[in-house]
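The structure file protein-v2.tsv is reproduced below (TSV, C-alpha atoms and all ligand atoms).
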```
chain	number	residue	atom	x	y	z
A	1076	GLU	CA	-14.36	36.64	97.77
A	1077	ASP	CA	-13.75	38.60	94.61
A	1078	HIS	CA	-15.41	41.90	95.45
A	1079	PHE	CA	-13.19	43.70	92.98
A	1080	CYS	CA	-15.21	42.70	89.95
A	1081	TYR	CA	-18.68	43.38	91.35
A	1082	ASP	CA	-20.90	45.45	89.10
A	1083	LYS	CA	-23.28	47.54	91.20
A	1084	ARG	CA	-26.01	47.03	88.59
A	1085	PHE	CA	-26.01	43.31	89.46
A	1086	VAL	CA	-25.55	43.40	93.22
A	1087	GLY	CA	-28.77	42.16	94.83
A	1088	LYS	CA	-30.36	41.25	91.50
A	1089	LYS	CA	-31.97	37.83	91.29
A	1090	VAL	CA	-31.40	36.23	87.92
A	1091	LEU	CA	-32.89	32.97	86.67
A	1092	VAL	CA	-30.88	31.19	83.96
A	1093	THR	CA	-32.01	28.12	82.02
A	1094	ALA	CA	-29.31	26.01	80.37
A	1095	GLY	CA	-28.57	22.77	78.58
A	1096	PRO	CA	-30.79	20.40	76.64
A	1097	THR	CA	-33.89	18.64	77.90
A	1098	TYR	CA	-34.31	14.88	77.64
A	1099	GLU	CA	-37.73	13.52	76.74
A	1100	ALA	CA	-38.21	9.90	77.74
A	1101	LEU	CA	-39.27	7.24	75.23
A	1102	ASP	CA	-38.96	4.41	77.71
A	1103	PRO	CA	-36.91	3.78	80.88
A	1104	VAL	CA	-33.60	3.68	78.95
A	1105	ARG	CA	-34.08	6.01	75.96
A	1106	PHE	CA	-34.82	9.63	75.31
A	1107	ILE	CA	-35.07	12.29	72.63
A	1108	GLY	CA	-32.55	15.05	73.21
A	1109	ASN	CA	-30.20	17.46	71.45
A	1110	HIS	CA	-26.52	18.43	71.31
A	1111	SER	CA	-26.67	21.44	73.65
A	1112	SER	CA	-23.59	21.42	75.91
A	1113	GLY	CA	-24.96	23.91	78.42
A	1114	LYS	CA	-21.74	25.96	78.15
A	1115	MET	CA	-23.33	29.29	77.23
A	1116	GLY	CA	-25.94	29.10	79.99
A	1117	PHE	CA	-23.36	28.05	82.60
A	1118	ALA	CA	-21.01	30.84	81.47
A	1119	LEU	CA	-23.84	33.37	81.88
A	1120	ALA	CA	-24.67	32.02	85.34
A	1121	GLU	CA	-21.00	32.24	86.41
A	1122	ALA	CA	-20.68	35.77	85.05
A	1123	VAL	CA	-23.84	37.03	86.80
A	1124	ALA	CA	-22.59	35.51	90.08
A	1125	ALA	CA	-19.11	36.99	89.61
A	1126	LEU	CA	-20.67	40.42	89.09
A	1127	GLY	CA	-22.56	40.12	92.39
A	1128	GLY	CA	-25.98	38.82	91.31
A	1129	ASP	CA	-27.93	35.96	92.88
A	1130	VAL	CA	-28.37	33.17	90.37
A	1131	VAL	CA	-30.84	30.32	90.13
A	1132	LEU	CA	-29.54	28.03	87.37
A	1133	ILE	CA	-32.12	25.55	86.07
A	1134	THR	CA	-30.28	23.09	83.89
A	1135	GLY	CA	-31.02	20.04	81.82
A	1136	PRO	CA	-28.51	17.15	81.75
A	1137	THR	CA	-24.95	18.40	81.00
A	1138	ASN	CA	-21.33	17.71	82.00
A	1139	GLN	CA	-20.84	21.31	83.14
A	1140	LYS	CA	-19.86	22.05	86.74
A	1141	VAL	CA	-20.61	25.29	88.56
A	1142	LYS	CA	-17.64	27.00	90.19
A	1143	HIS	CA	-19.23	29.92	91.99
A	1144	LYS	CA	-20.61	28.98	95.40
A	1145	GLN	CA	-23.49	31.47	95.22
A	1146	ILE	CA	-25.16	29.79	92.25
A	1147	GLN	CA	-28.22	27.77	93.21
A	1148	VAL	CA	-28.33	24.86	90.76
A	1149	ILE	CA	-31.59	23.05	90.06
A	1150	PRO	CA	-31.02	20.02	87.82
A	1151	VAL	CA	-33.97	18.93	85.70
A	1152	VAL	CA	-34.48	16.39	82.92
A	1153	SER	CA	-37.51	17.16	80.75
A	1154	ALA	CA	-39.12	20.35	79.47
A	1155	ASN	CA	-42.04	19.79	81.84
A	1156	ASP	CA	-39.61	19.51	84.79
A	1157	MET	CA	-37.88	22.71	83.67
A	1158	LEU	CA	-41.19	24.56	83.36
A	1159	GLU	CA	-42.25	23.45	86.84
A	1160	SER	CA	-38.98	24.66	88.29
A	1161	VAL	CA	-39.19	28.02	86.48
A	1162	GLN	CA	-42.78	28.44	87.72
A	1163	LYS	CA	-41.69	27.89	91.34
A	1164	ASN	CA	-38.97	30.54	91.14
A	1165	TRP	CA	-40.15	33.15	88.65
A	1166	SER	CA	-42.07	35.54	90.93
A	1167	GLN	CA	-38.96	36.18	93.07
A	1168	MET	CA	-36.73	37.05	90.08
A	1169	ASP	CA	-35.60	40.37	88.59
A	1170	MET	CA	-34.46	38.90	85.30
A	1171	GLY	CA	-34.63	35.68	83.30
A	1172	ILE	CA	-32.08	34.52	80.75
A	1173	PHE	CA	-33.47	31.54	78.84
A	1174	ALA	CA	-30.46	29.84	77.24
A	1175	ALA	CA	-31.75	26.26	77.41
A	1176	ALA	CA	-32.22	24.24	74.22
A	1177	VAL	CA	-35.63	22.95	75.25
A	1178	ALA	CA	-36.96	20.02	73.20
A	1179	ASP	CA	-39.90	21.30	71.17
A	1180	TYR	CA	-41.64	17.92	71.27
A	1181	ARG	CA	-41.83	14.91	73.57
A	1182	PRO	CA	-43.06	11.38	72.94
A	1183	ALA	CA	-46.83	11.34	73.45
A	1184	HIS	CA	-46.43	8.14	75.44
A	1185	SER	CA	-43.44	7.20	77.54
A	1186	GLU	CA	-43.42	3.41	77.79
A	1187	THR	CA	-43.00	1.98	81.27
A	1188	GLN	CA	-41.02	-0.99	79.93
A	1189	LYS	CA	-38.15	-1.02	77.42
A	1190	ILE	CA	-39.40	-0.97	73.82
A	1191	LYS	CA	-38.48	-4.27	72.14
A	1192	LYS	CA	-37.24	-4.42	68.52
A	1193	THR	CA	-40.11	-6.57	67.29
A	1194	GLN	CA	-41.20	-4.21	64.47
A	1195	ASP	CA	-39.28	-3.37	61.27
A	1196	GLN	CA	-40.49	0.19	61.47
A	1197	LEU	CA	-41.34	2.08	64.60
A	1198	GLU	CA	-43.50	5.16	64.55
A	1199	ILE	CA	-43.31	7.51	67.46
A	1200	ILE	CA	-45.95	10.17	67.99
A	1201	LEU	CA	-44.62	13.40	69.43
A	1202	GLU	CA	-46.59	16.15	71.12
A	1203	LYS	CA	-45.58	19.75	71.67
A	1204	ASN	CA	-43.83	20.74	74.86
A	1205	PRO	CA	-44.82	23.88	76.76
A	1206	ASP	CA	-42.85	26.99	75.78
A	1207	ILE	CA	-41.10	27.90	79.02
A	1208	LEU	CA	-39.90	31.30	77.84
A	1209	SER	CA	-43.39	32.27	76.65
A	1210	TRP	CA	-44.84	31.21	80.00
A	1211	ALA	CA	-42.30	33.35	81.87
A	1212	SER	CA	-42.95	36.34	79.65
A	1213	ALA	CA	-46.74	36.04	79.96
A	1214	ASN	CA	-46.42	35.76	83.75
A	1215	LYS	CA	-43.92	38.51	84.47
A	1216	THR	CA	-44.43	41.39	86.85
A	1217	ASP	CA	-41.29	43.53	86.59
A	1218	GLN	CA	-38.83	40.95	85.30
A	1219	LYS	CA	-36.63	41.61	82.31
A	1220	VAL	CA	-36.89	38.67	79.91
A	1221	VAL	CA	-34.04	37.63	77.62
A	1222	GLY	CA	-34.45	34.78	75.15
A	1223	PHE	CA	-32.16	32.96	72.76
A	1224	ALA	CA	-32.81	32.05	69.14
A	1225	LEU	CA	-30.98	29.23	67.41
A	1226	GLU	CA	-31.24	29.58	63.66
A	1227	THR	CA	-29.66	28.01	60.58
A	1228	GLN	CA	-31.14	30.54	58.10
A	1229	ASN	CA	-32.84	33.99	58.05
A	1230	GLY	CA	-31.42	34.54	61.53
A	1231	ILE	CA	-32.25	38.19	62.11
A	1232	GLU	CA	-35.78	37.89	60.75
A	1233	TYR	CA	-36.62	34.75	62.74
A	1234	ALA	CA	-35.06	36.19	65.91
A	1235	GLN	CA	-37.06	39.41	65.57
A	1236	ASN	CA	-40.24	37.37	65.13
A	1237	LYS	CA	-39.48	35.46	68.35
A	1238	LEU	CA	-38.68	38.70	70.19
A	1239	GLU	CA	-42.09	40.07	69.24
A	1240	LYS	CA	-44.16	36.90	69.57
A	1241	LYS	CA	-42.70	36.05	72.99
A	1242	GLN	CA	-42.77	39.70	74.15
A	1243	LEU	CA	-39.08	39.76	75.11
A	1244	ASP	CA	-36.85	42.63	76.16
A	1245	ALA	CA	-33.97	41.19	74.15
A	1246	ILE	CA	-32.94	38.11	72.22
A	1247	VAL	CA	-29.54	36.54	71.63
A	1248	LEU	CA	-29.25	35.21	68.09
A	1249	ASN	CA	-27.08	32.15	67.60
A	1250	GLU	CA	-26.59	31.49	63.89
A	1251	ILE	CA	-25.08	28.05	63.59
A	1252	GLY	CA	-23.15	26.90	60.57
A	1253	GLU	CA	-19.89	28.83	60.83
A	1254	PRO	CA	-16.92	27.16	62.57
A	1255	GLY	CA	-16.62	27.91	66.29
A	1256	VAL	CA	-20.23	29.00	66.60
A	1257	GLY	CA	-23.02	27.32	68.50
A	1258	PHE	CA	-23.45	23.85	69.96
A	1259	GLY	CA	-20.67	22.21	71.95
A	1260	THR	CA	-17.99	24.73	71.01
A	1261	ASP	CA	-15.96	26.74	73.54
A	1262	THR	CA	-16.42	29.91	71.50
A	1263	ASN	CA	-19.43	31.69	70.12
A	1264	SER	CA	-20.36	34.69	67.98
A	1265	VAL	CA	-23.86	36.12	68.42
A	1266	LYS	CA	-26.06	39.10	67.76
A	1267	LEU	CA	-28.08	40.76	70.49
A	1268	ILE	CA	-31.35	42.33	69.37
A	1269	PHE	CA	-33.45	44.60	71.59
A	1270	LYS	CA	-37.17	45.26	71.35
A	1271	ASN	CA	-36.47	48.74	69.93
A	1272	ASN	CA	-34.68	46.88	67.07
A	1273	LYS	CA	-31.23	47.98	68.23
A	1274	LEU	CA	-28.74	45.31	67.17
A	1275	ARG	CA	-25.25	44.60	68.54
A	1276	SER	CA	-22.89	42.03	66.98
A	1277	PHE	CA	-20.36	40.17	69.12
A	1278	GLU	CA	-17.22	38.83	67.48
A	1279	LEU	CA	-16.13	35.20	67.94
A	1280	GLN	CA	-14.88	34.89	71.52
A	1281	SER	CA	-14.85	32.40	74.39
A	1282	LYS	CA	-18.27	31.73	75.90
A	1283	GLU	CA	-16.93	33.03	79.25
A	1284	GLN	CA	-15.87	36.31	77.68
A	1285	LEU	CA	-19.07	36.56	75.69
A	1286	ALA	CA	-21.16	36.12	78.83
A	1287	PHE	CA	-19.61	39.24	80.37
A	1288	SER	CA	-19.96	41.21	77.12
A	1289	LEU	CA	-23.65	40.27	76.81
A	1290	LEU	CA	-24.45	41.07	80.43
A	1291	ASN	CA	-22.81	44.47	80.17
A	1292	GLU	CA	-24.79	45.30	77.06
A	1293	LEU	CA	-28.03	44.01	78.59
A	1294	MET	CA	-27.57	46.09	81.73
A	1295	THR	CA	-26.78	49.22	79.76
A	1296	ASN	CA	-29.84	48.88	77.55
A	1297	LEU	CA	-32.45	47.39	79.89
A	1298	TYR	CA	-31.86	49.42	83.04
A	1299	GLU	CA	-30.21	52.73	82.15
B	1301	LIG	N1	-37.78	27.90	74.63
B	1301	LIG	C1	-38.44	27.57	75.79
B	1301	LIG	N2	-39.28	26.50	75.82
B	1301	LIG	C2	-39.49	25.77	74.69
B	1301	LIG	C3	-38.82	26.10	73.50
B	1301	LIG	C4	-37.97	27.18	73.50
B	1301	LIG	O1	-38.25	28.23	76.82
B	1301	LIG	N3	-40.34	24.75	74.75
B	1301	LIG	C5	-36.92	29.10	74.62
B	1301	LIG	C6	-35.45	28.83	74.41
B	1301	LIG	O2	-34.80	28.62	75.64
B	1301	LIG	C7	-34.99	30.12	73.72
B	1301	LIG	C8	-36.21	30.55	72.94
B	1301	LIG	O3	-37.33	29.90	73.54
B	1301	LIG	O4	-34.70	31.12	74.68
B	1301	LIG	C9	-36.18	30.25	71.48
B	1301	LIG	O5	-35.90	28.91	71.25
B	1301	LIG	P1	-35.82	28.37	69.76
B	1301	LIG	O6	-35.70	26.88	69.76
B	1301	LIG	O7	-34.81	29.17	68.99
B	1301	LIG	O8	-37.25	28.82	69.19
B	1301	LIG	P2	-38.67	28.16	69.22
B	1301	LIG	O9	-39.61	29.18	69.80
B	1301	LIG	O10	-38.65	26.82	69.91
B	1301	LIG	O11	-39.01	27.98	67.68
B	1301	LIG	P3	-38.29	27.03	66.56
B	1301	LIG	O12	-37.50	25.97	67.27
B	1301	LIG	O13	-39.42	26.50	65.76
B	1301	LIG	O14	-37.39	27.96	65.77
B	1302	CA	CA	-37.13	25.17	69.41
```

Spell out the structure here as structure tokens.
Amino acid sequence: EDHFCYDKRFVGKKVLVTAGPTYEALDPVRFIGNHSSGKMGFALAEAVAALGGDVVLITGPTNQKVKHKQIQVIPVVSANDMLESVQKNWSQMDMGIFAAAVADYRPAHSETQKIKKTQDQLEIILEKNPDILSWASANKTDQKVVGFALETQNGIEYAQNKLEKKQLDAIVLNEIGEPGVGFGTDTNSVKLIFKNNKLRSFELQSKEQLAFSLLNELMTNLYE
């Protein structure tokens, strides 16, 4: 075991991480999803484990593999599955890092049989999914709650609104559009905003490296 890189601030801490996309079924063979690779969430889970924390990783469908043996992986498919799994684990946690790209909407009806192409136009009614992060925040005892914000414009403003509305301790702002940033890439550049409005920018770096940088900054600001 790699005791040399333990961080005493993480040893014994129980951290829940959500990662990846969610898939919302239309019928037995089709779904509505998104391009989240799960890389950032998995990198955070690996980094917490490497630093000595106990990780529960609740992940939507991805190709990522966990390396660290101490990570408890709970695979889920839909937003409702992910919520249920978060609800089962939340009370035992010290911190939650909500990196999943949860589908905001799901088909109002999931057909039990394959939809046939009989119509020229097909209308699908979507209904809102539960907000998992908001549930966790509203049902916390002592947990620190860290959210993500994916934005294509007005990043800082929208992220601050989410931080306040969802009552978070901190939010990681992912502004997509620039090369190397965001979905499916191996690198990322983000801003970390705390509830006291303190803002830290992280240069473009590998998601593995960024995970350690973010965790260090979170620990320094949320616990010390
Ligand atoms: N999130 C969640 N459950 C949802 C939607 C989002 O837990 N149903 C979490 C994400 O994991 C992320 C944060 O909420 O940590 C913000 O997600 P984002 O998609 O940026 O914001 P939304 O609140 O969904 O608002 P919008 O998509 O309209 O910007
Ligand atoms: Ca959303």

Check: Quick one: residues within 6 Å of segment 1205-1222 of chain A, only C-alpha atoms counted, chain neighbours fewer than 4 positions away excluded, as a PyMOL selection string?
Finding: chain A and resi 1158+1169-1173+1241+1243-1246

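Using all atoms listed in the file, the nearest neighbour of Ile1268 of chain A within the list A:Ala1094, A:Val1152, A:Val1130, A:Leu1238 is A:Leu1238.
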
Item checked: Spatial neighbours of Asn1109 of chain A, 8 Å, all atoms listed in the file, chain gap at least 6 places, as a VMD selection string -> chain A and resid 1096 to 1098 1176 1178

Next item on the list: Could I get the residue neighbourhood of ligand CA 1302 (chain B) at 10 Å, counting all atoms listed in the file, as a ChimeraX atom specification?
Entry: /A:1175-1180,1204,1206,1223-1226

Margin query: Using Å and a single decimal, report how far atom CA of Leu1279 of chain A sits from atom CA of Gly1255 of chain A.
Written below: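 Distance reported for this atom pair: 7.5 Å.
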
Item checked: Best match for closeness to Val1092 of chain A among A:Ile1200, A:Met1168, A:Ala1174, A:Val1265, counting all atoms listed in the file -> A:Ala1174

Neighbour residues at most 10 Å from (-23.1, 17.6, 74.2) (only C-alpha atoms) as a PDB file with C-alpha atoms, in the coordinates of the input:
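Below is the file that was written, selection18.pdb:
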```pdb
ATOM      1  CA  GLY A1095     -28.570  22.770  78.580  1.00  0.00           C
ATOM      2  CA  PRO A1096     -30.790  20.400  76.640  1.00  0.00           C
ATOM      3  CA  GLY A1108     -32.550  15.050  73.210  1.00  0.00           C
ATOM      4  CA  ASN A1109     -30.200  17.460  71.450  1.00  0.00           C
ATOM      5  CA  HIS A1110     -26.520  18.430  71.310  1.00  0.00           C
ATOM      6  CA  SER A1111     -26.670  21.440  73.650  1.00  0.00           C
ATOM      7  CA  SER A1112     -23.590  21.420  75.910  1.00  0.00           C
ATOM      8  CA  GLY A1113     -24.960  23.910  78.420  1.00  0.00           C
ATOM      9  CA  LYS A1114     -21.740  25.960  78.150  1.00  0.00           C
ATOM     10  CA  PRO A1136     -28.510  17.150  81.750  1.00  0.00           C
ATOM     11  CA  THR A1137     -24.950  18.400  81.000  1.00  0.00           C
ATOM     12  CA  ASN A1138     -21.330  17.710  82.000  1.00  0.00           C
ATOM     13  CA  GLN A1139     -20.840  21.310  83.140  1.00  0.00           C
ATOM     14  CA  PHE A1258     -23.450  23.850  69.960  1.00  0.00           C
ATOM     15  CA  GLY A1259     -20.670  22.210  71.950  1.00  0.00           C
ATOM     16  CA  THR A1260     -17.990  24.730  71.010  1.00  0.00           C
TER      17      THR A1260
END
```

Margin query: From the options A:Ser1281, A:Phe1269, A:Gly1257, A:Glu1250, which residue's atoms come nearest to Met1294 of chain A, counting all atoms listed in the file?
Written below: A:Phe1269

Check: How would you write as JSON, numbers by chain the residues that get within 12 Å of (-29.6, 50.8, 82.5) in the file's frame, counting all atoms listed in the file?
Finding: {"A": [1083, 1084, 1085, 1219, 1290, 1291, 1292, 1293, 1294, 1295, 1296, 1297, 1298, 1299]}

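Restricting the calculation to only C-alpha atoms and all ligand atoms, the smallest distance between ligand LIG 1301 (chain B) and any of A:Glu1159, A:Glu1198, A:Glu1278, A:Asp1082 is found for A:Glu1159.
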
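Ranking A:Met1115, A:Pro1103, A:Lys1189, A:Val1161 by their shortest atom-to-atom distance to Leu1091 of chain A, with only C-alpha atoms included, puts A:Val1161 first.
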
Next item on the list: Have a look at atom CA of Gly1087 of chain A and atom CA of Gly1128 of chain A and let me know their distance in Å, one decimal.
Entry: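 Atom CA of Gly1087 of chain A sits 5.6 Å away from atom CA of Gly1128 of chain A.
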
Next item on the list: Could you tell me which of A:Asn1263, A:Gln1145, A:Asn1249, A:Ser1276 comes closest to ligand LIG 1301 (chain B) if we count all atoms listed in the file?
Entry: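 The closest residue to ligand LIG 1301 (chain B) is A:Asn1249.
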
Checklist line | Two-atom distance - atom CA of Gln1284 of chain A, atom CA of Asp1261 of chain A (Å) | finding: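 Atom CA of Asp1261 of chain A lies 10.4 Å from atom CA of Gln1284 of chain A.
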
Note to self: Taking 6 positions as the minimum chain separation for residues in the same chain, which residues sit within 8 Å of Arg1181 of chain A when counting only C-alpha atoms? Answer as number ranges by chain.
What the structure shows: A: 1099-1100, 1107, 1201-1204

Spatial neighbours of His1184 of chain A, max dist 8 Å, all atoms listed in the file, sep filter under 2 positions, as a compact mmCIF listing (two decimals) with C-alpha atoms, in the frame of the given file:
```
# COMPACT_ATOMS: atom_id res chain seq x y z
CA LEU A 1101 -39.27 7.24 75.23
CA PRO A 1182 -43.06 11.38 72.94
CA GLU A 1186 -43.42 3.41 77.79
CA ILE A 1200 -45.95 10.17 67.99
```

Axis-aligned box for ligand LIG 1301 (chain B), 3 Å per side, centre and edges in Å as JSON:
```
{"center_x": -37.5, "center_y": 27.9, "center_z": 71.3, "size_x": 11.6, "size_y": 12.4, "size_z": 17.1}
```

Missing atoms in segment 1150-1182 of chain A should be modelled up to N, CA and C atoms and reported as a compact mmCIF listing (two decimals), in the frame of the given file.
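As written to disk, part_10.txt reads:
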```txt
# COMPACT_ATOMS: atom_id res chain seq x y z
N PRO A 1150 -31.09 20.92 88.98
CA PRO A 1150 -31.02 20.02 87.82
C PRO A 1150 -32.40 19.49 87.47
N VAL A 1151 -32.71 19.48 86.18
CA VAL A 1151 -33.97 18.93 85.70
C VAL A 1151 -33.68 18.02 84.51
N VAL A 1152 -34.67 17.29 84.05
CA VAL A 1152 -34.48 16.39 82.92
C VAL A 1152 -35.32 16.84 81.72
N SER A 1153 -36.62 16.88 81.89
CA SER A 1153 -37.51 17.16 80.75
C SER A 1153 -37.94 18.62 80.71
N ALA A 1154 -38.57 18.99 79.60
CA ALA A 1154 -39.12 20.35 79.47
C ALA A 1154 -40.18 20.60 80.54
N ASN A 1155 -41.02 19.61 80.80
CA ASN A 1155 -42.04 19.79 81.84
C ASN A 1155 -41.41 20.02 83.21
N ASP A 1156 -40.33 19.29 83.51
CA ASP A 1156 -39.61 19.51 84.79
C ASP A 1156 -39.07 20.93 84.84
N MET A 1157 -38.49 21.37 83.71
CA MET A 1157 -37.88 22.71 83.67
C MET A 1157 -38.95 23.79 83.86
N LEU A 1158 -40.09 23.60 83.21
CA LEU A 1158 -41.19 24.56 83.36
C LEU A 1158 -41.62 24.65 84.82
N GLU A 1159 -41.79 23.49 85.45
CA GLU A 1159 -42.25 23.45 86.84
C GLU A 1159 -41.28 24.21 87.74
N SER A 1160 -40.00 24.02 87.49
CA SER A 1160 -38.98 24.66 88.29
C SER A 1160 -38.94 26.18 88.05
N VAL A 1161 -39.12 26.58 86.80
CA VAL A 1161 -39.19 28.02 86.48
C VAL A 1161 -40.42 28.63 87.17
N GLN A 1162 -41.54 27.92 87.11
CA GLN A 1162 -42.78 28.44 87.72
C GLN A 1162 -42.64 28.66 89.22
N LYS A 1163 -41.89 27.77 89.89
CA LYS A 1163 -41.69 27.89 91.34
C LYS A 1163 -40.86 29.11 91.69
N ASN A 1164 -39.94 29.50 90.82
CA ASN A 1164 -38.97 30.54 91.14
C ASN A 1164 -39.24 31.92 90.53
N TRP A 1165 -40.07 31.96 89.51
CA TRP A 1165 -40.15 33.15 88.65
C TRP A 1165 -40.57 34.42 89.39
N SER A 1166 -41.55 34.32 90.30
CA SER A 1166 -42.07 35.54 90.93
C SER A 1166 -41.02 36.26 91.78
N GLN A 1167 -40.00 35.55 92.24
CA GLN A 1167 -38.96 36.18 93.07
C GLN A 1167 -37.82 36.79 92.24
N MET A 1168 -37.88 36.67 90.92
CA MET A 1168 -36.73 37.05 90.08
C MET A 1168 -36.83 38.49 89.58
N ASP A 1169 -35.66 39.06 89.25
CA ASP A 1169 -35.60 40.37 88.59
C ASP A 1169 -35.38 40.22 87.09
N MET A 1170 -34.79 39.10 86.71
CA MET A 1170 -34.46 38.90 85.30
C MET A 1170 -34.42 37.41 84.98
N GLY A 1171 -34.75 37.06 83.74
CA GLY A 1171 -34.63 35.68 83.30
C GLY A 1171 -33.84 35.62 82.01
N ILE A 1172 -32.87 34.73 81.97
CA ILE A 1172 -32.08 34.52 80.75
C ILE A 1172 -32.30 33.07 80.34
N PHE A 1173 -32.99 32.88 79.21
CA PHE A 1173 -33.47 31.54 78.84
C PHE A 1173 -32.57 30.96 77.74
N ALA A 1174 -31.46 30.36 78.17
CA ALA A 1174 -30.46 29.84 77.24
C ALA A 1174 -30.63 28.35 76.96
N ALA A 1175 -31.59 27.71 77.59
CA ALA A 1175 -31.75 26.26 77.41
C ALA A 1175 -32.21 25.93 75.99
N ALA A 1176 -31.75 24.78 75.50
CA ALA A 1176 -32.22 24.24 74.22
C ALA A 1176 -33.32 23.23 74.55
N VAL A 1177 -34.50 23.77 74.81
CA VAL A 1177 -35.63 22.95 75.25
C VAL A 1177 -36.14 22.13 74.05
N ALA A 1178 -36.38 20.84 74.27
CA ALA A 1178 -36.96 20.02 73.20
C ALA A 1178 -38.35 20.55 72.87
N ASP A 1179 -38.61 20.76 71.58
CA ASP A 1179 -39.90 21.30 71.17
C ASP A 1179 -41.02 20.26 71.32
N TYR A 1180 -40.64 19.00 71.20
CA TYR A 1180 -41.64 17.92 71.27
C TYR A 1180 -41.18 16.81 72.22
N ARG A 1181 -42.12 16.11 72.75
CA ARG A 1181 -41.83 14.91 73.57
C ARG A 1181 -42.70 13.76 73.08
N PRO A 1182 -42.24 12.53 73.31
CA PRO A 1182 -43.06 11.38 72.94
C PRO A 1182 -44.42 11.47 73.64
```
